[in-house]
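Asker: Take a look at this one; I'll ask things after.
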Amino acid sequence: MARHKKGRDIHGIVLLDKRQGISSNKALQEVKRLYNANKAGHTGSLDPLATGLLPICLGEATKVSGFMLADDKRYQTVIQLGVMTDTGDVDGTVLAVKDVPEISEQQLAACLASFIGQIEQVPPMYSALKHHGKKLYELAREGITVERKARKITIYAIQCLGYADGLLTLDVQCSKGTYIRTLAEDIGHALKCGATVKELRRTVAGQFKLEDALTIEQLQAVPSDNELLTILIAVDKPLQAIPAINISHSDADLILHGQQISVSNEDSNEGLRRLYHEGQFLGLGEMLMNAKIQPRKLFNLN
């Protein structure tokens with residue numbers, strides 16, 4: 001017997017300003033319930049300690065979450081120098097406390113500059129990465145530590161917003177896969193006093209900005225369902241960097257049935273294309289060497 005869907009077919013992206021103290025999954029479930037959507041996903045977890053921009057994908061928008069995971073990010077963070085914890089933030093168990101040495105502006109600037117560019121970073125044990133099918137944070141909670149390979153990430157910029165009483169406030173622009181907790185620990189190590197994250201707020205994810213996000217309380221206060229729907233960002237918005245082409249009715253029918261189409265007078269460079277018919281976004285196709293387009297990811301937005 002076929003299972004009935006729970007919730008409505010709603011497609012779009014909600015920019016949520018996640019509050020502190022809840023998991024990204026709990027924040028996701030709150031938005032999903034509010035919209036009574038049958039499908040939802042987020043685009044990169046924020047720790048319970050962290051707040052800020054968490055794009056929530058509803059319905060067919062979940063198909064673009066993978067593209068959004070690859071986006072660059074920006075954070076504001078407050079780092080507590082002289083304290084080290086097992087999680088890399090103040091929610092964890094304190095492992096050591098050290099005196100914070102006198103740090104001149106020049107020393108601090110040189111330290112931060114040393115982390116700018118492509119660097120290697122070892123992911124923390126308290127992360128959602130998997131080891132033999134089990135999440136690292138699950139192993140960490142069991143007291144198990146496993147070796148993690150360093151990964152290349154890019155720090156585009158670090159701006160010091162303030163330093164006083166052992167608290168270092170930074171604005172960090174970085175690539176996907178960057179752990180601010182690990183960056184904080186590495187900065188603390190470089191300054192020979194250790195460090196842990198006290199506050200963390202995501203301000204930018206790809207093309208989306210925190211100033212355009214709403215808290216769950218603001219979303220709940222929206223007076224009507226129709227107004228809630230107008231808040232949704234179009235499914236294809238995160239894909240704007242991919243070239244777009246408009247196709248005929250007959251070609252659209254072929255694409256929707258998984259068949260290749262031939263294109264003329266079109267940029268023949270290989271790669272993905274956004275496909276549209278009469279303004280309707282159909283999905284993504286791949287331009288092949290023979291000037292044909294193969295459908296790769298189709299969207300049912302009806």
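Simple scheme: letters A, B, ... for chains in structure tokens order, numbers from 1 for residues in each chain, numbers from 1 for ligands in the order shown.
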Report as a short mmCIF file (atom, residue, chain, number, x, y, z; two decimals) with C-alpha atoms, in the first residue's frame all protein, DNA and RNA residues lying within 7 Å of A:Ile233, evaluated on only C-alpha atoms, omitting residues in the same chain fewer than 3 positions from it.
Answerer:
data_model
loop_
_atom_site.label_atom_id
_atom_site.label_comp_id
_atom_site.auth_asym_id
_atom_site.auth_seq_id
_atom_site.Cartn_x
_atom_site.Cartn_y
_atom_site.Cartn_z
CA GLY A 12 11.53 27.18 -2.04
CA ILE A 13 14.21 28.39 0.35
CA VAL A 14 13.72 30.05 3.73
CA LYS A 237 18.13 31.25 -7.10
#
Asker: Name the residues of stretch 152-252 of chain A that come out as helix (DSSP H, G or I) in a backbone DSSP run; write them as a PDB file with N, CA and C atoms, in the first residue's frame.
Answerer:
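Saved file states-v4.pdb follows:
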ATOM      1  N   ILE A 180      35.363  26.805  12.259  1.00  0.00           N
ATOM      2  CA  ILE A 180      35.813  27.977  13.011  1.00  0.00           C
ATOM      3  C   ILE A 180      36.346  27.553  14.376  1.00  0.00           C
ATOM      4  N   ARG A 181      35.790  26.496  14.953  1.00  0.00           N
ATOM      5  CA  ARG A 181      36.300  26.003  16.243  1.00  0.00           C
ATOM      6  C   ARG A 181      37.761  25.572  16.112  1.00  0.00           C
ATOM      7  N   THR A 182      38.065  24.878  15.024  1.00  0.00           N
ATOM      8  CA  THR A 182      39.453  24.453  14.801  1.00  0.00           C
ATOM      9  C   THR A 182      40.348  25.654  14.524  1.00  0.00           C
ATOM     10  N   LEU A 183      39.847  26.610  13.752  1.00  0.00           N
ATOM     11  CA  LEU A 183      40.616  27.823  13.497  1.00  0.00           C
ATOM     12  C   LEU A 183      40.934  28.533  14.810  1.00  0.00           C
ATOM     13  N   ALA A 184      39.945  28.615  15.692  1.00  0.00           N
ATOM     14  CA  ALA A 184      40.156  29.259  16.994  1.00  0.00           C
ATOM     15  C   ALA A 184      41.224  28.524  17.796  1.00  0.00           C
ATOM     16  N   GLU A 185      41.158  27.194  17.804  1.00  0.00           N
ATOM     17  CA  GLU A 185      42.152  26.407  18.541  1.00  0.00           C
ATOM     18  C   GLU A 185      43.544  26.604  17.951  1.00  0.00           C
ATOM     19  N   ASP A 186      43.625  26.666  16.632  1.00  0.00           N
ATOM     20  CA  ASP A 186      44.922  26.845  15.979  1.00  0.00           C
ATOM     21  C   ASP A 186      45.490  28.238  16.265  1.00  0.00           C
ATOM     22  N   ILE A 187      44.630  29.240  16.299  1.00  0.00           N
ATOM     23  CA  ILE A 187      45.078  30.588  16.655  1.00  0.00           C
ATOM     24  C   ILE A 187      45.578  30.598  18.097  1.00  0.00           C
ATOM     25  N   GLY A 188      44.841  29.943  18.987  1.00  0.00           N
ATOM     26  CA  GLY A 188      45.265  29.863  20.385  1.00  0.00           C
ATOM     27  C   GLY A 188      46.599  29.163  20.539  1.00  0.00           C
ATOM     28  N   HIS A 189      46.800  28.121  19.752  1.00  0.00           N
ATOM     29  CA  HIS A 189      48.078  27.398  19.785  1.00  0.00           C
ATOM     30  C   HIS A 189      49.212  28.301  19.301  1.00  0.00           C
ATOM     31  N   ALA A 190      48.954  29.055  18.237  1.00  0.00           N
ATOM     32  CA  ALA A 190      49.974  29.954  17.697  1.00  0.00           C
ATOM     33  C   ALA A 190      50.329  31.052  18.694  1.00  0.00           C
ATOM     34  N   LEU A 210      22.734  37.364   6.158  1.00  0.00           N
ATOM     35  CA  LEU A 210      21.979  37.304   7.403  1.00  0.00           C
ATOM     36  C   LEU A 210      20.929  38.403   7.490  1.00  0.00           C
ATOM     37  N   GLU A 211      21.219  39.569   6.912  1.00  0.00           N
ATOM     38  CA  GLU A 211      20.279  40.692   7.005  1.00  0.00           C
ATOM     39  C   GLU A 211      18.940  40.377   6.342  1.00  0.00           C
ATOM     40  N   ASP A 212      18.908  39.372   5.483  1.00  0.00           N
ATOM     41  CA  ASP A 212      17.665  38.994   4.809  1.00  0.00           C
ATOM     42  C   ASP A 212      16.966  37.819   5.497  1.00  0.00           C
ATOM     43  N   ILE A 216      12.703  32.302  13.843  1.00  0.00           N
ATOM     44  CA  ILE A 216      11.499  31.461  13.848  1.00  0.00           C
ATOM     45  C   ILE A 216      10.327  32.236  14.437  1.00  0.00           C
ATOM     46  N   GLU A 217      10.613  33.111  15.417  1.00  0.00           N
ATOM     47  CA  GLU A 217       9.535  33.919  16.002  1.00  0.00           C
ATOM     48  C   GLU A 217       8.951  34.879  14.976  1.00  0.00           C
ATOM     49  N   GLN A 218       9.808  35.464  14.150  1.00  0.00           N
ATOM     50  CA  GLN A 218       9.316  36.360  13.103  1.00  0.00           C
ATOM     51  C   GLN A 218       8.501  35.596  12.065  1.00  0.00           C
ATOM     52  N   LEU A 219       8.946  34.398  11.723  1.00  0.00           N
ATOM     53  CA  LEU A 219       8.184  33.579  10.775  1.00  0.00           C
ATOM     54  C   LEU A 219       6.830  33.181  11.364  1.00  0.00           C
ATOM     55  N   GLN A 220       6.806  32.826  12.636  1.00  0.00           N
ATOM     56  CA  GLN A 220       5.556  32.433  13.281  1.00  0.00           C
ATOM     57  C   GLN A 220       4.575  33.588  13.394  1.00  0.00           C
ATOM     58  N   ASP A 225      -0.928  32.373   5.611  1.00  0.00           N
ATOM     59  CA  ASP A 225      -0.179  31.350   4.878  1.00  0.00           C
ATOM     60  C   ASP A 225       0.342  31.905   3.561  1.00  0.00           C
ATOM     61  N   ASN A 226      -0.457  32.730   2.893  1.00  0.00           N
ATOM     62  CA  ASN A 226      -0.025  33.305   1.618  1.00  0.00           C
ATOM     63  C   ASN A 226       1.214  34.175   1.795  1.00  0.00           C
ATOM     64  N   GLU A 227       1.266  34.920   2.899  1.00  0.00           N
ATOM     65  CA  GLU A 227       2.439  35.756   3.154  1.00  0.00           C
ATOM     66  C   GLU A 227       3.661  34.906   3.470  1.00  0.00           C
ATOM     67  N   LEU A 228       3.439  33.783   4.139  1.00  0.00           N
ATOM     68  CA  LEU A 228       4.554  32.865   4.385  1.00  0.00           C
ATOM     69  C   LEU A 228       5.131  32.361   3.068  1.00  0.00           C
ATOM     70  N   LEU A 229       4.242  32.076   2.134  1.00  0.00           N
ATOM     71  CA  LEU A 229       4.695  31.565   0.839  1.00  0.00           C
ATOM     72  C   LEU A 229       5.475  32.624   0.063  1.00  0.00           C
ATOM     73  N   THR A 230       5.118  33.902   0.231  1.00  0.00           N
ATOM     74  CA  THR A 230       5.828  34.956  -0.500  1.00  0.00           C
ATOM     75  C   THR A 230       7.249  35.137   0.028  1.00  0.00           C
ATOM     76  N   ILE A 231       7.530  34.639   1.236  1.00  0.00           N
ATOM     77  CA  ILE A 231       8.871  34.734   1.810  1.00  0.00           C
ATOM     78  C   ILE A 231       9.836  33.777   1.111  1.00  0.00           C
ATOM     79  N   LYS A 237      17.337  30.083  -7.504  1.00  0.00           N
ATOM     80  CA  LYS A 237      18.131  31.249  -7.103  1.00  0.00           C
ATOM     81  C   LYS A 237      19.591  30.888  -6.797  1.00  0.00           C
ATOM     82  N   PRO A 238      19.866  29.788  -6.079  1.00  0.00           N
ATOM     83  CA  PRO A 238      21.272  29.462  -5.797  1.00  0.00           C
ATOM     84  C   PRO A 238      22.064  29.005  -7.019  1.00  0.00           C
ATOM     85  N   LEU A 239      21.388  28.831  -8.153  1.00  0.00           N
ATOM     86  CA  LEU A 239      22.043  28.286  -9.349  1.00  0.00           C
ATOM     87  C   LEU A 239      22.347  29.359 -10.392  1.00  0.00           C
ATOM     88  N   HIS A 249       8.883  23.683 -26.565  1.00  0.00           N
ATOM     89  CA  HIS A 249       7.939  22.775 -25.917  1.00  0.00           C
ATOM     90  C   HIS A 249       8.309  21.318 -26.191  1.00  0.00           C
ATOM     91  N   SER A 250       8.678  21.014 -27.439  1.00  0.00           N
ATOM     92  CA  SER A 250       9.008  19.626 -27.779  1.00  0.00           C
ATOM     93  C   SER A 250      10.294  19.181 -27.077  1.00  0.00           C
ATOM     94  N   ASP A 251      11.279  20.091 -26.990  1.00  0.00           N
ATOM     95  CA  ASP A 251      12.515  19.749 -26.291  1.00  0.00           C
ATOM     96  C   ASP A 251      12.272  19.595 -24.785  1.00  0.00           C
ATOM     97  N   ALA A 252      11.386  20.424 -24.251  1.00  0.00           N
ATOM     98  CA  ALA A 252      11.058  20.312 -22.827  1.00  0.00           C
ATOM     99  C   ALA A 252      10.438  18.955 -22.536  1.00  0.00           C
TER     100      ALA A 252
END
Asker: Could you write out, as a VMD selection string, all the residues of stretch 45-273 of chain A that DSSP marks as strand (DSSP E or B)?
Answerer: chain A and resid 51 to 58 73 to 81 83 to 85 89 94 to 97 117 to 121 130 to 131 134 to 135 151 to 164 167 to 174 195 to 205 208 to 209 214 233 244 to 246 261 to 262 271 to 273
Asker: Keeping only C-alpha atoms, take the residues you just selected and write them out as an mmCIF file, in the first residue's frame.
Answerer:
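So the final result, stored in part-v8.cif, reads:
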data_model
loop_
_atom_site.group_PDB
_atom_site.id
_atom_site.type_symbol
_atom_site.label_atom_id
_atom_site.label_comp_id
_atom_site.auth_asym_id
_atom_site.auth_seq_id
_atom_site.Cartn_x
_atom_site.Cartn_y
_atom_site.Cartn_z
ATOM 1 C CA THR A 51 23.512 31.443 15.594
ATOM 2 C CA GLY A 52 22.833 33.096 12.290
ATOM 3 C CA LEU A 53 22.136 32.285 8.688
ATOM 4 C CA LEU A 54 20.786 28.790 8.045
ATOM 5 C CA PRO A 55 19.123 28.402 4.627
ATOM 6 C CA ILE A 56 16.292 25.860 4.827
ATOM 7 C CA CYS A 57 15.316 24.104 1.581
ATOM 8 C CA LEU A 58 11.706 22.956 1.204
ATOM 9 C CA LYS A 73 30.804 31.344 4.165
ATOM 10 C CA ARG A 74 31.385 34.282 6.494
ATOM 11 C CA TYR A 75 31.288 34.299 10.291
ATOM 12 C CA GLN A 76 31.683 36.603 13.234
ATOM 13 C CA THR A 77 33.175 34.850 16.227
ATOM 14 C CA VAL A 78 34.312 35.656 19.741
ATOM 15 C CA ILE A 79 37.286 33.531 20.816
ATOM 16 C CA GLN A 80 38.194 33.014 24.481
ATOM 17 C CA LEU A 81 41.959 32.849 24.764
ATOM 18 C CA VAL A 83 40.867 28.141 27.673
ATOM 19 C CA MET A 84 40.807 24.780 25.891
ATOM 20 C CA THR A 85 37.782 22.480 25.745
ATOM 21 C CA ASP A 89 33.713 25.822 22.181
ATOM 22 C CA VAL A 94 37.330 22.440 30.003
ATOM 23 C CA LEU A 95 40.575 20.542 29.449
ATOM 24 C CA ALA A 96 43.086 23.236 30.400
ATOM 25 C CA VAL A 97 43.353 26.860 31.435
ATOM 26 C CA GLY A 117 45.180 31.687 2.164
ATOM 27 C CA GLN A 118 44.963 27.970 1.512
ATOM 28 C CA ILE A 119 45.818 26.085 4.682
ATOM 29 C CA GLU A 120 45.426 22.569 6.027
ATOM 30 C CA GLN A 121 42.955 21.997 8.820
ATOM 31 C CA LYS A 130 31.805 9.992 9.420
ATOM 32 C CA HIS A 131 34.315 7.283 10.278
ATOM 33 C CA LYS A 134 29.520 6.542 12.346
ATOM 34 C CA LYS A 135 29.553 10.280 12.982
ATOM 35 C CA ARG A 151 41.927 18.897 4.624
ATOM 36 C CA LYS A 152 42.750 21.900 2.482
ATOM 37 C CA ILE A 153 40.530 24.900 3.130
ATOM 38 C CA THR A 154 40.849 28.568 2.237
ATOM 39 C CA ILE A 155 40.651 31.535 4.576
ATOM 40 C CA TYR A 156 40.037 34.546 2.348
ATOM 41 C CA ALA A 157 40.164 37.198 5.054
ATOM 42 C CA ILE A 158 40.322 37.608 8.827
ATOM 43 C CA GLN A 159 39.460 40.986 10.282
ATOM 44 C CA CYS A 160 40.073 41.677 13.967
ATOM 45 C CA LEU A 161 37.017 43.511 15.307
ATOM 46 C CA GLY A 162 38.361 43.810 18.832
ATOM 47 C CA TYR A 163 40.613 42.348 21.496
ATOM 48 C CA ALA A 164 40.259 42.899 25.255
ATOM 49 C CA LEU A 167 38.422 37.903 24.174
ATOM 50 C CA LEU A 168 39.256 38.111 20.484
ATOM 51 C CA THR A 169 36.456 39.109 18.095
ATOM 52 C CA LEU A 170 36.978 38.208 14.444
ATOM 53 C CA ASP A 171 35.205 38.440 11.104
ATOM 54 C CA VAL A 172 36.208 35.421 8.997
ATOM 55 C CA GLN A 173 35.565 34.818 5.292
ATOM 56 C CA CYS A 174 36.274 31.202 4.356
ATOM 57 C CA ALA A 195 41.625 29.103 22.781
ATOM 58 C CA THR A 196 38.010 28.082 22.398
ATOM 59 C CA VAL A 197 34.975 29.601 20.689
ATOM 60 C CA LYS A 198 32.678 31.594 22.950
ATOM 61 C CA GLU A 199 30.299 32.964 20.328
ATOM 62 C CA LEU A 200 29.744 32.167 16.637
ATOM 63 C CA ARG A 201 27.389 33.763 14.137
ATOM 64 C CA ARG A 202 27.149 32.970 10.435
ATOM 65 C CA THR A 203 26.543 36.143 8.452
ATOM 66 C CA VAL A 204 26.905 35.017 4.820
ATOM 67 C CA ALA A 205 26.397 31.743 2.940
ATOM 68 C CA PHE A 208 22.635 34.877 0.886
ATOM 69 C CA LYS A 209 23.078 37.313 3.776
ATOM 70 C CA LEU A 214 14.127 35.857 9.768
ATOM 71 C CA ILE A 233 13.125 32.203 -2.367
ATOM 72 C CA ALA A 244 20.683 29.364 -18.652
ATOM 73 C CA ILE A 245 18.984 28.438 -21.916
ATOM 74 C CA ASN A 246 15.354 28.442 -22.995
ATOM 75 C CA ILE A 261 18.134 17.243 -26.916
ATOM 76 C CA SER A 262 20.210 18.916 -29.626
ATOM 77 C CA GLY A 271 29.153 21.872 -18.373
ATOM 78 C CA LEU A 272 25.825 22.394 -16.654
ATOM 79 C CA ARG A 273 22.988 24.542 -17.986
#
Asker: Using only C-alpha atoms, which residue out of A:Asp47, A:Glu147, A:Glu60, A:Asp165 lies closest to A:Val122?
Answerer: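 For A:Val122, the nearest of the candidates is A:Glu147.
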Asker: Which one of A:Ala50, A:Asn302, A:Arg296, A:Thr215 sits closest to A:Arg8 if you count only C-alpha atoms?
Answerer: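 Ranked by minimum distance to A:Arg8, first place goes to A:Asn302.
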Asker: Return the single residue from A:His257, A:Lys63, A:Lys192, A:Lys297 that is closest to A:Gln107, with distances computed using only C-alpha atoms.
Answerer: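 For A:Gln107, the nearest of the candidates is A:Lys192.
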Asker: Atom CA of A:Phe67 to atom CA of A:Glu278: how many Å, to one decimal?
Answerer: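 Calculated distance between atom CA of A:Phe67 and atom CA of A:Glu278 is 24.6 Å.
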Asker: Given the choices A:Asp236, A:Asp99, A:Asp253, A:Glu270, which gets closest to A:Leu284 if the distance is worked out from only C-alpha atoms?
Answerer: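 Ranked by minimum distance to A:Leu284, first place goes to A:Asp236.
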Asker: In terms of the shortest atom-to-atom distance over only C-alpha atoms, which of A:Asp72, A:Ala61, A:Gln20, A:Tyr35 is closest to A:Leu49?
Answerer: A:Gln20
Asker: What lies within 9 Å of A:Gly258 using only C-alpha atoms, ignoring chain neighbours under 3 positions off, as a short mmCIF file (atom, residue, chain, number, x, y, z; two decimals) with C-alpha atoms, in the first residue's frame?
Answerer:
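So the final result, stored in out_1.cif, reads:
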data_model
loop_
_atom_site.label_atom_id
_atom_site.label_comp_id
_atom_site.auth_asym_id
_atom_site.auth_seq_id
_atom_site.Cartn_x
_atom_site.Cartn_y
_atom_site.Cartn_z
CA ASP A 253 8.95 17.19 -23.27
CA LEU A 254 12.05 15.18 -24.24
CA ILE A 255 14.06 16.54 -21.30
CA GLN A 294 21.65 15.41 -21.24
CA PRO A 295 19.20 16.02 -18.36
CA ARG A 296 20.97 15.63 -15.01
CA LEU A 298 14.95 17.63 -12.98
#
Asker: How many Å separate atom CA of A:Phe299 from atom CA of A:Phe281?
Answerer: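 Between these atoms lies a distance of 7.5 Å.
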